[in-house]
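**Q** Got a structure here, written out as structure tokens. Questions coming.
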Amino acid sequence: MPAVRKVARAATALAIIGFSLLASQSAYAGRGKYGENGDGADTSANANGDTLSVTAGGVVFDRSKNGSGTSTGALTSSTSWTPPPCWYAPKYTPEQLQKTLEPIWEAESTGYEWDAEQRKKYNADDEKKGFNKDKTGKGYWWDSYVDKSYPPGWDSCDKGPFWVDTGDAPPAQYENAVTPEILAELAYNEIRVPGTKVTLAPAEATKVNLPTWAWLDGAAFKPVSVTASVPVLQIEATATAEPVSLKIEPGTADAVTYPASGVCEINDGRIGEPYAKGKADQTPACGVKYLRSSGDGTFPLRATVTWEIHWTGTGGTGGDLDDGNFGATQNVVVQEIQAVNR
């Protein structure tokens with residue numbers, strides 16, 4: 001009989017998780033500039049006329065200050081840190097949880113004994129108080145949500161629905177229950193930053209032993225941010241990414257970088273310095289000098305921008321998160337020419 005209970009418990013958990021995932025995926029499909037990770041979405045307009053998602057629970061993302069364009073991409077942490085693969089947040093009103101669980105029990109796929117235990121757990125046979133219906137408007141049933149890319153650990157939030165009264169903190173045993181800091185980490189995961197293709201001078205092909213200047217468009221490399229919130233809890237957090245440096249990797253050991261570290265710090269809001277007429281005899285603030293020709297091929301120059309991440313949240317909370325990196329590779333032609341006129 002214990003084995004039967006374990007099978008039944010697993011089947012019920014999988015059924016609930018499956019229901020939640022299907023509902024979340026359906027909601028996710030309709031996301032635009034603003035997006036939510038929750039069920040039962042409704043909409044309203046803010047003062048600017050933008051449409052916001054308002055849900056019984058889950059996380060709402062405001063991406064209006066995020067990076068945009070086809071070359072944008074997600075940050076990779078500079079350490080082994082990863083954002084939460086799943087988390088707990090308000091998901092159901094009493095009535096919504098009843099509508100979720102009763103069809104599972106009625107299917108009789110988990111066995112009478114297990115179903116009876118679950119019905120007792122949620123006081124399902126009490127018409128007025130079952131599923132905490134007598135507390136409607138005074139709290140929510142919390143449950144798991146998942147990162148839609150399904151990273152490792154996405155299914156680890158498997159404890160099932162639990163009740164939290166309005167104003168109370170969730171029980172301590174539920175890891176990744178939403179707080180401003182968890183929201184900041186989720187917002188970090190939604191940040192998108194501009195592409196990192198650098199401008200080079202000479203542009204078409206550079207020459208052996210000739211310093212090549214490199215810089216990034218300062219207008220594109222400004223701070224970006226994403227705000228994550230849980231409206232029913234009235235908590236939020238904003239994660240902001242600011243560019244701090246550009247690392248140049250020439251794609252061959254036969255090269256010299258400027259500066260020698262290959263790391264170009266941001267200066268006055270600009271990374272690198274554009275080449276201008278009359279600077280041919282100067283050393284670039286950011287760049288590379290190739291010491292041999294690329295022959296019939298090219299060298300894969302890698303440019304990676306490091307972004308510092310900080311966050312602010314409800315109740316004066318805030319702090320720093322791990323730096324993030326985003327880079328791109330571009331092919332550089334290097335020609336063997338002894339004398340060069342600029």
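All residue names refer to the structure tokens as shown: chains lettered A, B, ... in order, residues numbered from 1 in each chain, ligands numbered from 1 in order.
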Find the nearest atom pair between each residue of stretch 154-209 of chain A and stretch 106-123 of chain A for residues within 12 Å, count only C-alpha atoms, give distances in Å to one decimal, sort rows by chain and ascending number, and present the table as a Markdown table.
**A**
| residue | atom | partner | partner_atom | distance |
| --- | --- | --- | --- | --- |
| A:Gly160 | CA | A:Gln118 | CA | 11.1 |
| A:Pro161 | CA | A:Tyr122 | CA | 9.9 |
| A:Phe162 | CA | A:Tyr122 | CA | 9.7 |
| A:Trp163 | CA | A:Tyr122 | CA | 10.1 |
**Q** According to DSSP computed on the backbone, where in stretch 47-296 of chain A is there strand (DSSP E or B)? Give the residues as a ChimeraX atom specification.
**A** /A:51-54,59-62,73-74,76-77,86-92,139-146,162-165,177,192-193,199-201,206-207,212-215,224-230,235-249,255-258,263-267,270-272,287-290
**Q** If you count only C-alpha atoms, which residues fall within 7 Å of A:Ala241, apart from same-chain ones fewer than 3 positions away, as a PyMOL selection string?
**A** chain A and resi 223-225+307-310
**Q** Which distance in Å separates atom CA of A:Phe61 and atom CA of A:Leu186, to one decimal?
**A**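 Computed distance, atom CA of A:Phe61 to atom CA of A:Leu186, equals 9.0 Å.
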**Q** Suppose you want the space between atom CA of A:Gly139 and atom CA of A:Asn176; what is it in Å?
**A**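 Computing it gives 18.7 Å between the two atoms.
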**Q** For A:Cys157, which residue among A:Gly195, A:Gly130, A:Gly316, A:Pro85 is the nearest when counting only C-alpha atoms?
**A**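 Among the listed residues, A:Pro85 lies closest to A:Cys157.
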**Q** Taking only C-alpha atoms into account, which of A:Cys86, A:Leu321, A:Ala303, A:Ala124 comes nearest A:Gly251?
**A**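 For A:Gly251, the nearest of the given residues is A:Ala303.
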**Q** Return the single residue from A:Lys197, A:Lys159, A:Ala280, A:Thr76 that is closest to A:Asp322, with distances computed using only C-alpha atoms.
**A**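 Ranking A:Lys197, A:Lys159, A:Ala280, A:Thr76 by distance to A:Asp322, first place goes to A:Thr76.
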**Q** I need the helix (DSSP H, G or I) residues of stretch 231-336 of chain A per DSSP on the backbone, written as a PyMOL selection string.
**A** chain A and resi 231-233+314-316
**Q** Near A:Tyr140, counting only C-alpha atoms, which residues have an atom at most 9 Å away, once you skip same-chain residues fewer than 5 positions from it, shown as a list of chain:residue names?
**A** A:Ala56, A:Gly57, A:Pro90, A:Lys91, A:Tyr92, A:Thr93, A:Pro94, A:Lys135, A:Phe162, A:Trp163, A:Val164, A:Asp165, A:Thr166
**Q** For the selection just defined, write its residues with all heavy atoms to a file, as a short mmCIF file (atom, residue, chain, number, x, y, z; two decimals), in the first residue's frame.
**A**
data_model
loop_
_atom_site.label_atom_id
_atom_site.label_comp_id
_atom_site.auth_asym_id
_atom_site.auth_seq_id
_atom_site.Cartn_x
_atom_site.Cartn_y
_atom_site.Cartn_z
N ALA A 56 -4.50 36.96 -10.95
CA ALA A 56 -4.75 36.52 -9.58
C ALA A 56 -3.43 36.28 -8.87
O ALA A 56 -3.38 36.24 -7.65
CB ALA A 56 -5.59 35.26 -9.57
N GLY A 57 -2.38 36.09 -9.59
CA GLY A 57 -1.07 35.85 -9.00
C GLY A 57 -0.02 35.81 -10.09
O GLY A 57 -0.29 36.10 -11.25
N PRO A 90 1.44 33.76 -5.50
CA PRO A 90 -0.02 33.54 -5.50
C PRO A 90 -0.49 33.07 -6.87
O PRO A 90 -0.10 33.63 -7.89
CB PRO A 90 -0.58 34.93 -5.17
CG PRO A 90 0.52 35.61 -4.42
CD PRO A 90 1.79 35.12 -5.06
N LYS A 91 -1.34 32.04 -6.88
CA LYS A 91 -1.82 31.52 -8.15
C LYS A 91 -3.33 31.35 -8.19
O LYS A 91 -3.95 31.57 -9.24
CB LYS A 91 -1.15 30.18 -8.48
CG LYS A 91 -1.59 29.58 -9.82
CD LYS A 91 -0.77 28.36 -10.21
CE LYS A 91 0.51 28.75 -10.87
NZ LYS A 91 1.21 27.58 -11.51
N TYR A 92 -3.94 30.94 -7.07
CA TYR A 92 -5.36 30.62 -7.10
C TYR A 92 -6.14 31.33 -6.01
O TYR A 92 -5.67 31.46 -4.88
CB TYR A 92 -5.57 29.11 -6.88
CG TYR A 92 -4.82 28.20 -7.81
CD1 TYR A 92 -3.74 27.44 -7.32
CD2 TYR A 92 -5.18 28.06 -9.14
CE1 TYR A 92 -3.05 26.57 -8.15
CE2 TYR A 92 -4.50 27.19 -9.97
CZ TYR A 92 -3.43 26.45 -9.47
OH TYR A 92 -2.75 25.59 -10.30
N THR A 93 -7.34 31.75 -6.35
CA THR A 93 -8.33 32.06 -5.34
C THR A 93 -8.91 30.72 -4.89
O THR A 93 -8.69 29.69 -5.54
CB THR A 93 -9.45 32.92 -5.92
OG1 THR A 93 -10.14 32.17 -6.95
CG2 THR A 93 -8.91 34.22 -6.54
N PRO A 94 -9.64 30.68 -3.77
CA PRO A 94 -10.23 29.40 -3.36
C PRO A 94 -11.05 28.74 -4.46
O PRO A 94 -10.96 27.53 -4.68
CB PRO A 94 -11.09 29.81 -2.16
CG PRO A 94 -10.36 30.96 -1.56
CD PRO A 94 -9.84 31.73 -2.75
N LYS A 135 -12.31 32.39 3.38
CA LYS A 135 -11.26 33.40 3.44
C LYS A 135 -11.08 34.13 2.10
O LYS A 135 -10.07 34.79 1.87
CB LYS A 135 -9.92 32.76 3.83
CG LYS A 135 -9.86 32.29 5.28
CD LYS A 135 -8.45 31.84 5.62
CE LYS A 135 -8.32 31.48 7.10
NZ LYS A 135 -6.93 31.11 7.44
N PHE A 162 -0.30 25.94 -1.37
CA PHE A 162 -0.34 26.22 0.07
C PHE A 162 -0.95 27.60 0.26
O PHE A 162 -0.79 28.49 -0.56
CB PHE A 162 1.04 26.12 0.71
CG PHE A 162 2.08 27.02 0.10
CD1 PHE A 162 2.37 28.26 0.66
CD2 PHE A 162 2.80 26.63 -1.02
CE1 PHE A 162 3.32 29.10 0.10
CE2 PHE A 162 3.76 27.46 -1.59
CZ PHE A 162 4.03 28.69 -1.02
N TRP A 163 -1.63 27.77 1.38
CA TRP A 163 -2.37 29.01 1.63
C TRP A 163 -1.51 30.01 2.38
O TRP A 163 -0.76 29.66 3.29
CB TRP A 163 -3.62 28.72 2.44
CG TRP A 163 -4.43 29.95 2.76
CD1 TRP A 163 -4.39 30.72 3.89
CD2 TRP A 163 -5.39 30.56 1.90
NE1 TRP A 163 -5.27 31.77 3.79
CE2 TRP A 163 -5.89 31.70 2.58
CE3 TRP A 163 -5.87 30.28 0.62
CZ2 TRP A 163 -6.87 32.55 2.02
CZ3 TRP A 163 -6.83 31.10 0.07
CH2 TRP A 163 -7.33 32.23 0.77
N VAL A 164 -1.62 31.29 1.99
CA VAL A 164 -0.95 32.39 2.70
C VAL A 164 -1.95 33.52 2.87
O VAL A 164 -2.52 34.01 1.89
CB VAL A 164 0.29 32.89 1.94
CG1 VAL A 164 0.95 34.04 2.71
CG2 VAL A 164 1.29 31.77 1.71
N ASP A 165 -2.18 33.91 4.13
CA ASP A 165 -3.07 35.04 4.40
C ASP A 165 -2.43 36.34 3.89
O ASP A 165 -1.20 36.50 3.91
CB ASP A 165 -3.33 35.18 5.90
CG ASP A 165 -4.28 34.11 6.43
OD1 ASP A 165 -5.16 33.68 5.67
OD2 ASP A 165 -4.13 33.71 7.60
N THR A 166 -3.26 37.27 3.48
CA THR A 166 -2.77 38.58 3.04
C THR A 166 -1.97 39.24 4.15
O THR A 166 -2.40 39.31 5.29
CB THR A 166 -3.95 39.48 2.65
OG1 THR A 166 -4.67 38.87 1.57
CG2 THR A 166 -3.46 40.86 2.21
#
**Q** Could you list, as a PyMOL selection string, every residue within 7 Å of A:Ala239, counting only C-alpha atoms and ignoring same-chain residues fewer than 4 positions away?
**A** chain A and resi 184+187-188+225-227+309-312
**Q** Could you give me, as a PyMOL selection string, the residues within 7 Å of A:Ala255, counting only C-alpha atoms and dropping anything in the same chain fewer than 4 positions from it?
**A** chain A and resi 250+288-291
**Q** Using atom CA of A:Ser245 and atom CA of A:Phe221 as the two end points, give the distance in Å to one decimal.
**A** 10.6 Å
**Q** Give me the residues within 9 Å of stretch 326-334 of chain A as a ChimeraX atom specification, counting only C-alpha atoms and dropping any in the same chain fewer than 2 places off.
**A** /A:73-76,193-198,204-208,247,250-251,290,292-307,324,336
**Q** Could you write out the selected residues, including C-alpha atoms, as a PDB file, in the first residue's frame?
**A**
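As written to disk, part-v2.pdb reads:
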ATOM      1  CA  GLY A  73      20.411  39.388 -26.364  1.00  0.00           C
ATOM      2  CA  ALA A  74      20.281  38.000 -22.841  1.00  0.00           C
ATOM      3  CA  LEU A  75      23.095  38.438 -20.356  1.00  0.00           C
ATOM      4  CA  THR A  76      25.261  35.576 -19.147  1.00  0.00           C
ATOM      5  CA  VAL A 193      21.105  44.408 -24.082  1.00  0.00           C
ATOM      6  CA  PRO A 194      22.328  45.764 -27.442  1.00  0.00           C
ATOM      7  CA  GLY A 195      24.527  43.727 -29.723  1.00  0.00           C
ATOM      8  CA  THR A 196      28.279  44.184 -29.426  1.00  0.00           C
ATOM      9  CA  LYS A 197      29.523  44.526 -32.983  1.00  0.00           C
ATOM     10  CA  VAL A 198      32.300  47.113 -32.718  1.00  0.00           C
ATOM     11  CA  GLU A 204      36.988  47.012 -44.681  1.00  0.00           C
ATOM     12  CA  ALA A 205      40.386  45.438 -44.012  1.00  0.00           C
ATOM     13  CA  THR A 206      43.139  46.309 -41.587  1.00  0.00           C
ATOM     14  CA  LYS A 207      46.866  45.960 -42.098  1.00  0.00           C
ATOM     15  CA  VAL A 208      49.653  44.068 -40.366  1.00  0.00           C
ATOM     16  CA  LYS A 247      36.825  43.177 -23.810  1.00  0.00           C
ATOM     17  CA  PRO A 250      41.596  39.417 -31.480  1.00  0.00           C
ATOM     18  CA  GLY A 251      41.052  35.802 -32.500  1.00  0.00           C
ATOM     19  CA  TYR A 290      47.622  42.303 -35.777  1.00  0.00           C
ATOM     20  CA  ARG A 292      50.466  38.735 -39.178  1.00  0.00           C
ATOM     21  CA  SER A 293      48.144  38.488 -42.137  1.00  0.00           C
ATOM     22  CA  SER A 294      44.930  36.509 -42.043  1.00  0.00           C
ATOM     23  CA  GLY A 295      45.915  35.113 -45.463  1.00  0.00           C
ATOM     24  CA  ASP A 296      42.919  33.987 -47.484  1.00  0.00           C
ATOM     25  CA  GLY A 297      40.775  33.861 -44.356  1.00  0.00           C
ATOM     26  CA  THR A 298      39.825  36.099 -41.445  1.00  0.00           C
ATOM     27  CA  PHE A 299      40.440  36.397 -37.723  1.00  0.00           C
ATOM     28  CA  PRO A 300      37.346  35.983 -35.461  1.00  0.00           C
ATOM     29  CA  LEU A 301      37.485  39.112 -33.301  1.00  0.00           C
ATOM     30  CA  ARG A 302      35.340  38.693 -30.194  1.00  0.00           C
ATOM     31  CA  ALA A 303      33.889  41.771 -28.482  1.00  0.00           C
ATOM     32  CA  THR A 304      32.214  41.289 -25.098  1.00  0.00           C
ATOM     33  CA  VAL A 305      30.590  44.008 -23.010  1.00  0.00           C
ATOM     34  CA  THR A 306      30.353  43.590 -19.243  1.00  0.00           C
ATOM     35  CA  TRP A 307      27.254  45.041 -17.599  1.00  0.00           C
ATOM     36  CA  GLY A 324      26.477  40.005 -16.866  1.00  0.00           C
ATOM     37  CA  GLU A 336      50.198  42.126 -45.382  1.00  0.00           C
TER      38      GLU A 336
END
**Q** For A:Ala89, which residue out of A:Ile191, A:Ile235, A:Val230, A:Ile337 is the nearest one, using only C-alpha atoms?
**A** A:Val230
**Q** Which residue out of A:Glu273, A:Asp158, A:Asp254, A:Asp125 has the minimum interatomic distance to A:Asp143 when only C-alpha atoms are used?
**A**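 Closest to A:Asp143, using only C-alpha atoms: A:Asp158.
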